[in-house]
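*Asks:* Have a peek at coords-v5.cif (mmCIF, C-alpha atoms).
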data_protein
#
loop_
_atom_site.label_atom_id
_atom_site.label_comp_id
_atom_site.auth_asym_id
_atom_site.auth_seq_id
_atom_site.Cartn_x
_atom_site.Cartn_y
_atom_site.Cartn_z
CA MET Y 1 -28.76 119.80 -16.64
CA LYS Y 2 -26.46 116.94 -15.65
CA ARG Y 3 -25.07 114.71 -18.39
CA VAL Y 4 -24.65 110.96 -17.89
CA LEU Y 5 -22.69 108.90 -20.42
CA ILE Y 6 -23.38 105.14 -20.35
CA LEU Y 7 -20.80 102.98 -22.11
CA MET Y 8 -21.78 99.55 -23.43
CA SER Y 9 -21.47 97.28 -26.43
CA LYS Y 10 -23.96 95.04 -28.20
CA THR Y 11 -22.19 91.81 -27.29
CA GLY Y 12 -25.39 90.05 -26.31
CA GLY Y 13 -28.56 91.86 -25.39
CA GLY Y 14 -27.93 92.24 -21.66
CA HIS Y 15 -25.58 95.22 -21.78
CA LEU Y 16 -27.92 97.34 -23.89
CA ALA Y 17 -30.94 96.26 -21.83
CA SER Y 18 -29.17 97.31 -18.63
CA ALA Y 19 -28.16 100.65 -20.13
CA GLU Y 20 -31.71 101.32 -21.28
CA ALA Y 21 -33.09 100.36 -17.86
CA LEU Y 22 -30.77 102.85 -16.16
CA LYS Y 23 -31.69 105.56 -18.68
CA ALA Y 24 -35.41 104.92 -18.17
CA VAL Y 25 -35.18 105.22 -14.39
CA PHE Y 26 -33.05 108.37 -14.62
CA ALA Y 27 -35.80 109.88 -16.80
CA GLN Y 28 -38.49 108.61 -14.44
CA GLN Y 29 -36.83 109.99 -11.32
CA TYR Y 30 -35.17 113.18 -12.55
CA GLY Y 31 -36.82 114.14 -15.83
CA GLU Y 32 -35.14 117.04 -17.60
CA GLU Y 33 -32.58 117.46 -14.83
CA VAL Y 34 -30.53 114.69 -16.46
CA GLN Y 35 -29.57 113.91 -20.04
CA VAL Y 36 -28.47 110.30 -20.55
CA ASN Y 37 -26.58 109.15 -23.64
CA ILE Y 38 -25.84 105.49 -24.39
CA VAL Y 39 -22.76 104.81 -26.53
CA ASP Y 40 -21.46 101.55 -28.01
CA LEU Y 41 -17.83 102.22 -27.18
CA LEU Y 42 -16.39 99.05 -28.70
CA MET Y 43 -18.14 99.10 -32.08
CA ASP Y 44 -18.15 102.86 -32.61
CA TYR Y 45 -14.89 104.10 -31.08
CA LEU Y 46 -12.28 101.34 -31.30
CA PRO Y 47 -9.96 101.25 -34.33
CA TYR Y 48 -10.25 98.65 -37.08
CA PRO Y 49 -10.15 95.64 -36.75
CA TRP Y 50 -10.92 95.82 -33.00
CA ARG Y 51 -14.34 97.32 -33.63
CA GLU Y 52 -15.30 94.32 -35.78
CA LEU Y 53 -14.66 91.75 -33.06
CA PRO Y 54 -17.85 92.36 -31.00
CA LYS Y 55 -19.93 91.46 -34.05
CA SER Y 56 -18.72 87.85 -33.79
CA TYR Y 57 -19.79 87.44 -30.16
CA GLY Y 58 -23.27 86.06 -30.85
CA TRP Y 59 -22.04 83.49 -33.36
CA ILE Y 60 -19.15 82.30 -31.17
CA ALA Y 61 -21.04 82.23 -27.86
CA ASN Y 62 -24.11 80.46 -29.20
CA ARG Y 63 -22.80 78.37 -32.12
CA THR Y 64 -19.41 77.34 -30.68
CA PRO Y 65 -19.72 77.77 -26.91
CA TRP Y 66 -16.56 75.74 -26.28
CA LEU Y 67 -14.57 78.37 -28.19
CA TRP Y 68 -16.19 81.19 -26.24
CA GLY Y 69 -15.37 79.39 -22.99
CA THR Y 70 -11.74 79.14 -24.07
CA LEU Y 71 -11.57 82.85 -24.93
CA TYR Y 72 -13.31 83.78 -21.67
CA GLU Y 73 -10.83 81.79 -19.60
CA ALA Y 74 -7.91 83.26 -21.54
CA GLY Y 75 -9.13 86.70 -20.48
CA ASN Y 76 -8.81 85.59 -16.86
CA ARG Y 77 -5.04 85.37 -17.29
CA SER Y 78 -3.45 88.76 -16.80
CA TRP Y 79 -0.45 87.90 -18.97
CA VAL Y 80 -2.89 87.44 -21.88
CA ALA Y 81 -5.43 90.17 -21.19
CA THR Y 82 -3.26 93.03 -19.90
CA PRO Y 83 -1.06 93.58 -23.00
CA VAL Y 84 -4.08 93.40 -25.32
CA ILE Y 85 -6.07 95.89 -23.26
CA HIS Y 86 -3.15 98.31 -22.91
CA LEU Y 87 -2.54 98.21 -26.66
CA THR Y 88 -6.24 98.81 -27.30
CA ALA Y 89 -6.22 101.75 -24.88
CA TYR Y 90 -3.32 103.39 -26.71
CA LEU Y 91 -4.77 102.84 -30.18
CA SER Y 92 -8.22 104.14 -29.22
CA LEU Y 93 -7.00 107.03 -27.04
CA THR Y 94 -7.65 109.87 -29.48
CA SER Y 95 -11.10 108.59 -30.40
CA ILE Y 96 -12.25 108.12 -26.81
CA MET Y 97 -10.78 111.43 -25.65
CA GLY Y 98 -12.74 113.08 -28.46
CA LEU Y 99 -15.95 111.37 -27.29
CA ILE Y 100 -15.47 112.63 -23.72
CA VAL Y 101 -14.65 116.17 -24.81
CA ARG Y 102 -17.66 116.25 -27.13
CA MET Y 103 -20.14 114.78 -24.63
CA GLN Y 104 -18.87 116.69 -21.59
CA PRO Y 105 -20.35 114.16 -19.15
CA ASP Y 106 -20.76 114.83 -15.45
CA LEU Y 107 -20.79 111.07 -14.84
CA ILE Y 108 -19.60 108.04 -16.82
CA VAL Y 109 -21.24 104.66 -16.23
CA SER Y 110 -19.89 101.40 -17.65
CA VAL Y 111 -22.14 98.40 -18.23
CA HIS Y 112 -19.48 96.36 -20.07
CA PRO Y 113 -16.32 94.67 -18.74
CA LEU Y 114 -14.08 95.72 -21.64
CA VAL Y 115 -14.42 99.50 -21.37
CA GLN Y 116 -12.86 100.16 -17.95
CA GLU Y 117 -9.17 100.40 -18.82
CA ILE Y 118 -9.54 102.22 -22.13
CA THR Y 119 -11.93 104.84 -20.72
CA LEU Y 120 -10.05 105.51 -17.48
CA PHE Y 121 -6.80 105.78 -19.47
CA ALA Y 122 -8.40 108.49 -21.65
CA LEU Y 123 -9.74 110.31 -18.57
CA LYS Y 124 -6.28 110.29 -17.04
CA ARG Y 125 -4.72 111.71 -20.20
CA LEU Y 126 -7.36 114.44 -20.28
CA GLY Y 127 -6.82 115.24 -16.61
CA ALA Y 128 -10.60 115.07 -16.25
CA ASP Y 129 -12.08 114.61 -12.79
CA ILE Y 130 -15.29 112.86 -13.85
CA PRO Y 131 -16.91 110.27 -11.54
CA TYR Y 132 -16.74 106.78 -13.02
CA ALA Y 133 -19.10 103.96 -12.02
CA ILE Y 134 -19.36 100.32 -13.04
CA VAL Y 135 -22.68 98.47 -13.15
CA VAL Y 136 -21.86 94.77 -13.44
CA THR Y 137 -24.45 93.10 -15.65
CA ASP Y 138 -23.37 89.54 -14.80
CA LEU Y 139 -24.95 87.75 -11.89
CA ALA Y 140 -22.73 85.18 -10.17
CA SER Y 141 -19.97 84.54 -12.73
CA VAL Y 142 -18.06 87.84 -12.88
CA HIS Y 143 -14.98 88.28 -15.06
CA PRO Y 144 -12.05 90.14 -13.38
CA LEU Y 145 -12.09 92.75 -16.16
CA TRP Y 146 -15.31 94.14 -14.68
CA PHE Y 147 -13.42 95.51 -11.68
CA HIS Y 148 -11.10 98.51 -11.65
CA PRO Y 149 -9.64 100.08 -8.50
CA GLU Y 150 -10.08 103.64 -9.85
CA ALA Y 151 -13.87 103.34 -10.12
CA ASP Y 152 -15.87 105.51 -7.72
CA ARG Y 153 -18.66 102.93 -7.49
CA CYS Y 154 -19.09 99.32 -8.56
CA PHE Y 155 -22.59 97.83 -8.40
CA VAL Y 156 -22.96 94.05 -8.22
CA ALA Y 157 -25.93 91.69 -8.08
CA SER Y 158 -24.87 88.78 -5.86
CA GLU Y 159 -22.76 87.98 -2.83
CA ALA Y 160 -20.42 85.98 -5.09
CA ALA Y 161 -19.90 89.06 -7.27
CA TYR Y 162 -19.35 91.23 -4.19
CA GLN Y 163 -16.64 88.88 -2.92
CA ALA Y 164 -15.08 88.79 -6.40
CA GLY Y 165 -14.88 92.59 -6.30
CA LEU Y 166 -13.10 92.52 -2.95
CA ALA Y 167 -10.71 89.85 -4.24
CA ALA Y 168 -9.96 92.06 -7.25
CA GLY Y 169 -8.81 94.86 -4.94
CA LEU Y 170 -11.89 97.04 -4.59
CA ARG Y 171 -12.70 98.45 -1.17
CA GLU Y 172 -16.01 97.92 0.60
CA GLU Y 173 -16.90 101.59 0.22
CA GLN Y 174 -16.62 101.25 -3.56
CA LEU Y 175 -18.97 98.27 -3.80
CA ARG Y 176 -22.76 98.22 -3.69
CA LEU Y 177 -24.87 95.03 -3.65
CA TYR Y 178 -28.35 95.87 -4.99
CA GLY Y 179 -29.17 93.53 -7.87
CA LEU Y 180 -29.14 93.65 -11.65
CA PRO Y 181 -30.58 96.70 -13.41
CA VAL Y 182 -33.96 95.57 -14.73
CA ARG Y 183 -36.61 97.48 -16.62
CA PRO Y 184 -38.62 99.83 -14.40
CA VAL Y 185 -41.85 97.96 -15.14
CA PHE Y 186 -40.54 95.19 -12.88
CA ALA Y 187 -40.67 97.59 -9.94
CA GLU Y 188 -44.43 97.93 -10.43
CA PRO Y 189 -46.99 95.50 -8.94
CA THR Y 190 -48.57 93.15 -11.43
CA ARG Y 191 -52.25 92.96 -12.23
CA PRO Y 192 -54.16 89.86 -11.11
CA ARG Y 193 -53.23 86.70 -13.00
CA ASP Y 194 -56.79 86.07 -14.21
CA VAL Y 195 -56.91 89.55 -15.73
CA LEU Y 196 -53.56 89.09 -17.47
CA ARG Y 197 -54.49 85.67 -18.82
CA ALA Y 198 -57.73 87.01 -20.25
CA GLU Y 199 -55.89 89.86 -21.98
CA LEU Y 200 -53.14 87.57 -23.30
CA GLY Y 201 -55.50 84.91 -24.62
CA MET Y 202 -54.41 82.18 -22.21
CA ASP Y 203 -56.45 79.45 -20.58
CA PRO Y 204 -57.68 80.88 -17.27
CA ASP Y 205 -57.23 77.68 -15.23
CA LEU Y 206 -54.35 75.55 -16.55
CA PRO Y 207 -50.84 76.09 -15.11
CA ALA Y 208 -48.53 77.64 -17.70
CA ALA Y 209 -44.90 77.08 -18.67
CA LEU Y 210 -43.06 79.97 -20.33
CA VAL Y 211 -40.32 78.84 -22.75
CA VAL Y 212 -37.95 81.60 -23.92
CA GLY Y 213 -34.96 81.84 -26.20
CA GLY Y 214 -33.84 85.40 -25.57
CA GLY Y 215 -34.21 88.31 -27.95
CA GLU Y 216 -32.80 86.29 -30.86
CA GLY Y 217 -34.68 83.05 -30.17
CA ILE Y 218 -31.51 80.98 -29.96
CA GLY Y 219 -30.83 77.61 -28.39
CA ARG Y 220 -32.95 74.45 -28.41
CA VAL Y 221 -36.27 76.24 -28.05
CA ALA Y 222 -38.03 74.11 -30.67
CA LEU Y 223 -36.90 70.79 -29.19
CA ILE Y 224 -37.84 71.88 -25.68
CA ALA Y 225 -41.22 73.31 -26.68
CA LYS Y 226 -42.20 70.19 -28.62
CA ALA Y 227 -41.15 67.92 -25.74
CA VAL Y 228 -43.06 69.99 -23.19
CA GLY Y 229 -46.15 70.13 -25.43
CA ARG Y 230 -46.16 66.35 -25.93
CA SER Y 231 -45.81 65.64 -22.21
CA LEU Y 232 -48.45 68.14 -21.11
CA GLY Y 233 -50.85 66.67 -23.65
CA ALA Y 234 -50.11 62.99 -23.08
CA GLY Y 235 -53.18 62.33 -20.91
CA ARG Y 236 -56.88 62.54 -21.59
CA GLU Y 237 -56.93 66.12 -20.34
CA PRO Y 238 -54.18 68.74 -20.74
CA LEU Y 239 -51.95 68.93 -17.68
CA GLY Y 240 -50.98 72.51 -18.49
CA GLN Y 241 -50.48 75.13 -21.18
CA MET Y 242 -47.41 76.70 -22.75
CA VAL Y 243 -46.22 80.08 -23.97
CA VAL Y 244 -43.17 80.21 -26.25
CA VAL Y 245 -41.29 83.44 -26.94
CA CYS Y 246 -39.21 83.09 -30.11
CA GLY Y 247 -37.73 86.58 -30.08
CA ARG Y 248 -36.68 87.82 -33.52
CA ASN Y 249 -36.35 84.26 -34.87
CA ARG Y 250 -39.22 84.32 -37.35
CA ARG Y 251 -38.37 80.91 -38.80
CA LEU Y 252 -38.65 79.34 -35.35
CA GLN Y 253 -41.96 81.11 -34.74
CA ALA Y 254 -43.39 79.97 -38.08
CA ASN Y 255 -42.28 76.37 -37.56
CA LEU Y 256 -43.79 76.14 -34.09
CA GLN Y 257 -47.04 77.70 -35.25
CA LYS Y 258 -47.45 74.79 -37.67
CA GLU Y 259 -47.23 72.18 -34.91
CA PRO Y 260 -50.40 70.18 -34.10
CA TRP Y 261 -50.39 70.99 -30.39
CA ARG Y 262 -52.59 68.94 -28.06
CA VAL Y 263 -52.54 71.58 -25.33
CA PRO Y 264 -53.23 75.33 -25.37
CA VAL Y 265 -50.09 76.96 -26.80
CA ILE Y 266 -49.28 80.58 -27.66
CA ILE Y 267 -46.30 81.18 -29.96
CA ASN Y 268 -44.93 84.72 -29.76
CA GLY Y 269 -42.18 86.51 -31.62
CA PHE Y 270 -40.36 89.39 -29.95
CA VAL Y 271 -42.44 90.81 -27.10
CA THR Y 272 -42.26 94.12 -25.25
CA ASN Y 273 -44.47 93.02 -22.36
CA MET Y 274 -42.37 90.21 -20.92
CA SER Y 275 -43.31 91.30 -17.40
CA ASP Y 276 -46.97 90.46 -18.14
CA TRP Y 277 -46.13 87.08 -19.68
CA MET Y 278 -43.97 86.21 -16.68
CA ALA Y 279 -46.68 87.24 -14.23
CA ALA Y 280 -49.25 85.15 -16.11
CA CYS Y 281 -47.16 81.94 -16.04
CA ASP Y 282 -46.16 79.45 -13.34
CA CYS Y 283 -42.56 78.62 -14.35
CA ILE Y 284 -39.97 79.52 -16.97
CA VAL Y 285 -37.58 77.51 -19.14
CA THR Y 286 -34.53 79.53 -20.17
CA LYS Y 287 -30.79 79.43 -20.54
CA ALA Y 288 -28.88 80.93 -17.62
CA GLY Y 289 -28.88 84.55 -18.80
CA PRO Y 290 -28.57 86.93 -15.83
CA GLY Y 291 -31.27 89.38 -16.92
CA THR Y 292 -33.92 86.71 -17.45
CA ILE Y 293 -33.03 85.13 -14.10
CA ALA Y 294 -33.31 88.46 -12.29
CA GLU Y 295 -36.67 89.28 -13.89
CA SER Y 296 -38.00 85.78 -13.21
CA LEU Y 297 -37.10 86.05 -9.53
CA ILE Y 298 -38.93 89.36 -9.25
CA ARG Y 299 -42.03 87.83 -10.81
CA GLY Y 300 -41.80 84.76 -8.57
CA LEU Y 301 -41.18 82.29 -11.40
CA PRO Y 302 -39.47 78.97 -10.60
CA ILE Y 303 -36.64 78.60 -13.12
CA LEU Y 304 -35.76 75.58 -15.22
CA LEU Y 305 -32.32 76.27 -16.67
CA SER Y 306 -31.73 74.45 -19.95
CA GLY Y 307 -28.15 75.59 -20.64
CA TYR Y 308 -25.58 78.32 -20.22
CA ILE Y 309 -22.82 80.16 -22.06
CA PRO Y 310 -19.51 78.84 -20.69
CA GLY Y 311 -17.70 81.27 -18.43
CA GLN Y 312 -20.00 84.24 -18.02
CA GLU Y 313 -23.20 82.29 -17.27
CA GLU Y 314 -21.73 79.19 -15.66
CA GLY Y 315 -21.95 80.47 -12.09
CA ASN Y 316 -25.62 81.36 -12.54
CA VAL Y 317 -26.53 77.68 -12.45
CA PRO Y 318 -25.48 77.05 -8.83
CA TYR Y 319 -26.91 80.47 -7.92
CA VAL Y 320 -30.37 79.27 -9.00
CA VAL Y 321 -30.03 75.70 -7.74
CA ASP Y 322 -28.38 76.49 -4.38
CA ASN Y 323 -31.02 79.14 -3.60
CA LYS Y 324 -33.69 76.51 -4.34
CA VAL Y 325 -35.50 78.67 -6.87
CA GLY Y 326 -35.08 76.28 -9.78
CA VAL Y 327 -33.25 73.34 -11.33
CA PHE Y 328 -30.77 72.71 -14.14
CA VAL Y 329 -31.77 70.16 -16.79
CA ARG Y 330 -30.33 69.93 -20.30
CA ASP Y 331 -32.33 67.11 -21.89
CA PRO Y 332 -35.63 68.31 -23.46
CA ALA Y 333 -37.46 65.12 -22.45
CA GLN Y 334 -36.31 65.52 -18.85
CA ILE Y 335 -37.29 69.19 -18.93
CA ALA Y 336 -40.80 68.16 -20.02
CA LYS Y 337 -40.96 65.52 -17.28
CA THR Y 338 -39.91 68.06 -14.64
CA ILE Y 339 -42.63 70.52 -15.71
CA CYS Y 340 -45.27 67.78 -15.63
CA GLU Y 341 -44.18 66.90 -12.09
CA TRP Y 342 -44.32 70.57 -11.08
CA PHE Y 343 -47.83 70.87 -12.52
CA GLY Y 344 -48.90 67.57 -10.93
CA PRO Y 345 -47.65 65.90 -7.74
CA GLN Y 346 -45.07 68.62 -6.96
CA ARG Y 347 -47.40 71.63 -7.02
CA GLN Y 348 -46.55 72.47 -3.40
CA GLU Y 349 -42.83 72.48 -4.17
CA LEU Y 350 -43.51 74.71 -7.19
CA ALA Y 351 -45.35 77.17 -4.92
CA ALA Y 352 -42.48 77.09 -2.40
CA MET Y 353 -39.94 77.84 -5.14
CA ALA Y 354 -42.09 80.73 -6.32
CA GLU Y 355 -42.12 82.21 -2.83
CA ARG Y 356 -38.35 81.83 -2.46
CA ALA Y 357 -37.88 83.47 -5.87
CA ARG Y 358 -39.88 86.53 -4.82
CA GLU Y 359 -37.81 86.80 -1.64
CA LEU Y 360 -34.54 86.63 -3.60
CA GLY Y 361 -35.53 89.09 -6.35
CA ASN Y 362 -35.16 92.85 -5.95
CA PRO Y 363 -37.72 94.83 -7.97
CA ARG Y 364 -36.18 98.14 -6.86
CA SER Y 365 -32.59 97.35 -7.86
CA THR Y 366 -32.44 99.80 -10.77
CA HIS Y 367 -33.93 102.59 -8.66
CA GLN Y 368 -31.35 101.93 -5.93
CA ILE Y 369 -28.50 102.03 -8.45
CA VAL Y 370 -29.74 105.26 -10.01
CA ALA Y 371 -30.25 106.92 -6.60
CA ASP Y 372 -26.65 106.04 -5.68
CA LEU Y 373 -25.34 107.29 -9.02
CA ALA Y 374 -27.28 110.53 -8.55
CA GLN Y 375 -25.36 111.19 -5.35
CA LEU Y 376 -22.11 111.21 -7.34
CA ILE Y 377 -23.34 114.22 -9.33
CA HIS Y 378 -25.18 115.86 -6.40
CA LEU Y 379 -28.71 115.44 -7.69
CA ASP Y 380 -31.36 116.04 -5.04
#
What do you get writing this file as structure tokens?
*Replies:*
Amino acid sequence: MKRVLILMSKTGGGHLASAEALKAVFAQQYGEEVQVNIVDLLMDYLPYPWRELPKSYGWIANRTPWLWGTLYEAGNRSWVATPVIHLTAYLSLTSIMGLIVRMQPDLIVSVHPLVQEITLFALKRLGADIPYAIVVTDLASVHPLWFHPEADRCFVASEAAYQAGLAAGLREEQLRLYGLPVRPVFAEPTRPRDVLRAELGMDPDLPAALVVGGGEGIGRVALIAKAVGRSLGAGREPLGQMVVVCGRNRRLQANLQKEPWRVPVIINGFVTNMSDWMAACDCIVTKAGPGTIAESLIRGLPILLSGYIPGQEEGNVPYVVDNKVGVFVRDPAQIAKTICEWFGPQRQELAAMAERARELGNPRSTHQIVADLAQLIHLD
């Protein structure tokens, strides 16, 4: 049995989701030939108070995005980042060496930008010749800390990220451009839309807008949903329907369920069948999170970006807009107007965006990454 150790941290949901997607495809492709362990390196193996810092990510990034943008840009400056990372590597050396010795991995995979230096430093001190791979979970905005010249492989999801890797000193033979790791269900063909809509309780005929707020239901979901609902229901007949995914935000879900909607609306909490909801809808309203964008492209959903986290998601906006698979609109009223236009006089443009999205998305990205990783540990 080969052992794969995936290193991540719960700073946002994307790193864990990517790790779990890789683990699922390893199990799907290789079964009991591979044992995959996912470890939160920052929260579980850094010394105090370093291990407490990731817990503040969600509050800073979503409540005070300007502060997160400042911290993100500070990390771009080597004179700021390098001393901090080197100090962290020294202070966490014993703990991380112990993890490696205990796990005895045949392959280490990073899905977080802050684990490269501290892990490779521990490997060097151990004198361990263990292949090390990086799976970048950002799309177009890629922080320099993702890249390390000692990595055996570095997987990226866009041409911009590929060029950033080259600029950071990686060689072409180290880099792979496949796409973001998405859940294996996105590699499977969807069932017909009419079947899905019947199962999900949706109107079979009206076009549908999917409004999401991520796993935690953050952002201006309520304002956007109410604006979209009012606009779709402004005429004598509904112009469309709406599905809102509130994630784990139960207060948001309860408040929206009390609304006197004039159009068919489904208010969900956290869902485990997002692939089905995406396949049943005609467009999506979301912030510029890389995972949601990648999944939406695979499902052929035109994307209406309502915001972004400064720094790490900023480059995702031109990625969507320049590839003509969506638009960027902040104002809830303008978002609602755009959806009404898509469902009305601009239906042909909506269909064209959907086709371009399917061409840009890569449903097999996770399988390609796993197949490449398997070569590093000589799996047939």
*Asks:* Mind listing as a PyMOL selection string all residues within 12 Å of (-57.2, 87.7, -17.7), counting all atoms listed in the file?
*Replies:* chain Y and resi 190-205+276-277+279-281
*Asks:* Determine the residue set returned by the PyMOL selection byres ((chain Y and resi 167-173) around 10) for the present structure, and present it as a list in words.
*Replies:* Pro144, Leu145, Trp146, Phe147, His148, Pro149, Glu150, Ala151, Asp152, Arg153, Cys154, Ala161, Tyr162, Gln163, Ala164, Gly165, Leu166, Gln174, Leu175 and Arg176 of chain Y
*Asks:* For Asp44 of chain Y, which residue out of Y:Val285, Y:Ser95, Y:His86, Y:Gln28 is the nearest one, using all atoms listed in the file?
*Replies:* Y:Ser95
*Asks:* What is the atom CA of Trp342 of chain Y to atom CA of Arg248 of chain Y distance in Å?
*Replies:*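 Taking atom CA of Trp342 of chain Y as the start and atom CA of Arg248 of chain Y as the end point, the length is 29.3 Å.
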*Asks:* Go ahead and compute the interatomic distance for atom CA of Ile130 of chain Y and atom CA of Met103 of chain Y, in Å to one decimal.
*Replies:*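 Distance reported for this atom pair: 12.0 Å.
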*Asks:* Could you list the residues chosen by the PyMOL selection byres ((chain Y and resi 1) around 8) in this structure as a ChimeraX atom specification?
*Replies:* /Y:2-3,32-35
*Asks:* Between atom CA of Thr272 of chain Y and atom CA of Met8 of chain Y, what distance in Å does the model show, to one decimal?
*Replies:*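 Atom CA of Met8 of chain Y lies 21.3 Å from atom CA of Thr272 of chain Y.
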*Asks:* Go through Y:Cys340, Y:Leu41, Y:Ala19, Y:Ala157 one by one, measure the shortest atom-to-atom distance of each to Asn316 of chain Y using all atoms listed in the file, and give the residue with the smallest value.
*Replies:* Y:Ala157
*Asks:* Written as a list in words, which residues does the PyMOL selection byres ((chain Y and resi 317) around 9) give for the file shown?
*Replies:*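 That expression, the PyMOL selection byres ((chain Y and resi 317) around 9), corresponds here to Ala140, Ala288, Leu305, Gly307, Tyr308, Glu313, Glu314, Gly315, Asn316, Pro318, Tyr319, Val320, Val321, Asp322, Val327 and Phe328 of chain Y.
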*Asks:* Can you write out the residues you just picked, keeping C-alpha atoms, as a PDB file, keeping the file's coordinate frame?
*Replies:*
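Now in part_23.pdb:
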ATOM      1  CA  ALA Y 140     -22.730  85.180 -10.170  1.00  0.00           C
ATOM      2  CA  ALA Y 288     -28.880  80.930 -17.620  1.00  0.00           C
ATOM      3  CA  LEU Y 305     -32.320  76.270 -16.670  1.00  0.00           C
ATOM      4  CA  GLY Y 307     -28.150  75.590 -20.640  1.00  0.00           C
ATOM      5  CA  TYR Y 308     -25.580  78.320 -20.220  1.00  0.00           C
ATOM      6  CA  GLU Y 313     -23.200  82.290 -17.270  1.00  0.00           C
ATOM      7  CA  GLU Y 314     -21.730  79.190 -15.660  1.00  0.00           C
ATOM      8  CA  GLY Y 315     -21.950  80.470 -12.090  1.00  0.00           C
ATOM      9  CA  ASN Y 316     -25.620  81.360 -12.540  1.00  0.00           C
ATOM     10  CA  PRO Y 318     -25.480  77.050  -8.830  1.00  0.00           C
ATOM     11  CA  TYR Y 319     -26.910  80.470  -7.920  1.00  0.00           C
ATOM     12  CA  VAL Y 320     -30.370  79.270  -9.000  1.00  0.00           C
ATOM     13  CA  VAL Y 321     -30.030  75.700  -7.740  1.00  0.00           C
ATOM     14  CA  ASP Y 322     -28.380  76.490  -4.380  1.00  0.00           C
ATOM     15  CA  VAL Y 327     -33.250  73.340 -11.330  1.00  0.00           C
ATOM     16  CA  PHE Y 328     -30.770  72.710 -14.140  1.00  0.00           C
TER      17      PHE Y 328
END
*Asks:* Excluding same-chain residues fewer than 4 positions from Val243 of chain Y, what lies within 7 Å of it counting all atoms listed in the file, as a ChimeraX atom specification?
*Replies:* /Y:209-211,265-267
*Asks:* Go ahead and find all residues with at least one atom no further than 12 Å from (-9.4, 99.3, -30.9) in the file's coordinates, using only C-alpha atoms; report them as a ChimeraX atom specification.
*Replies:* /Y:41-54,84-96,114-115,118-119
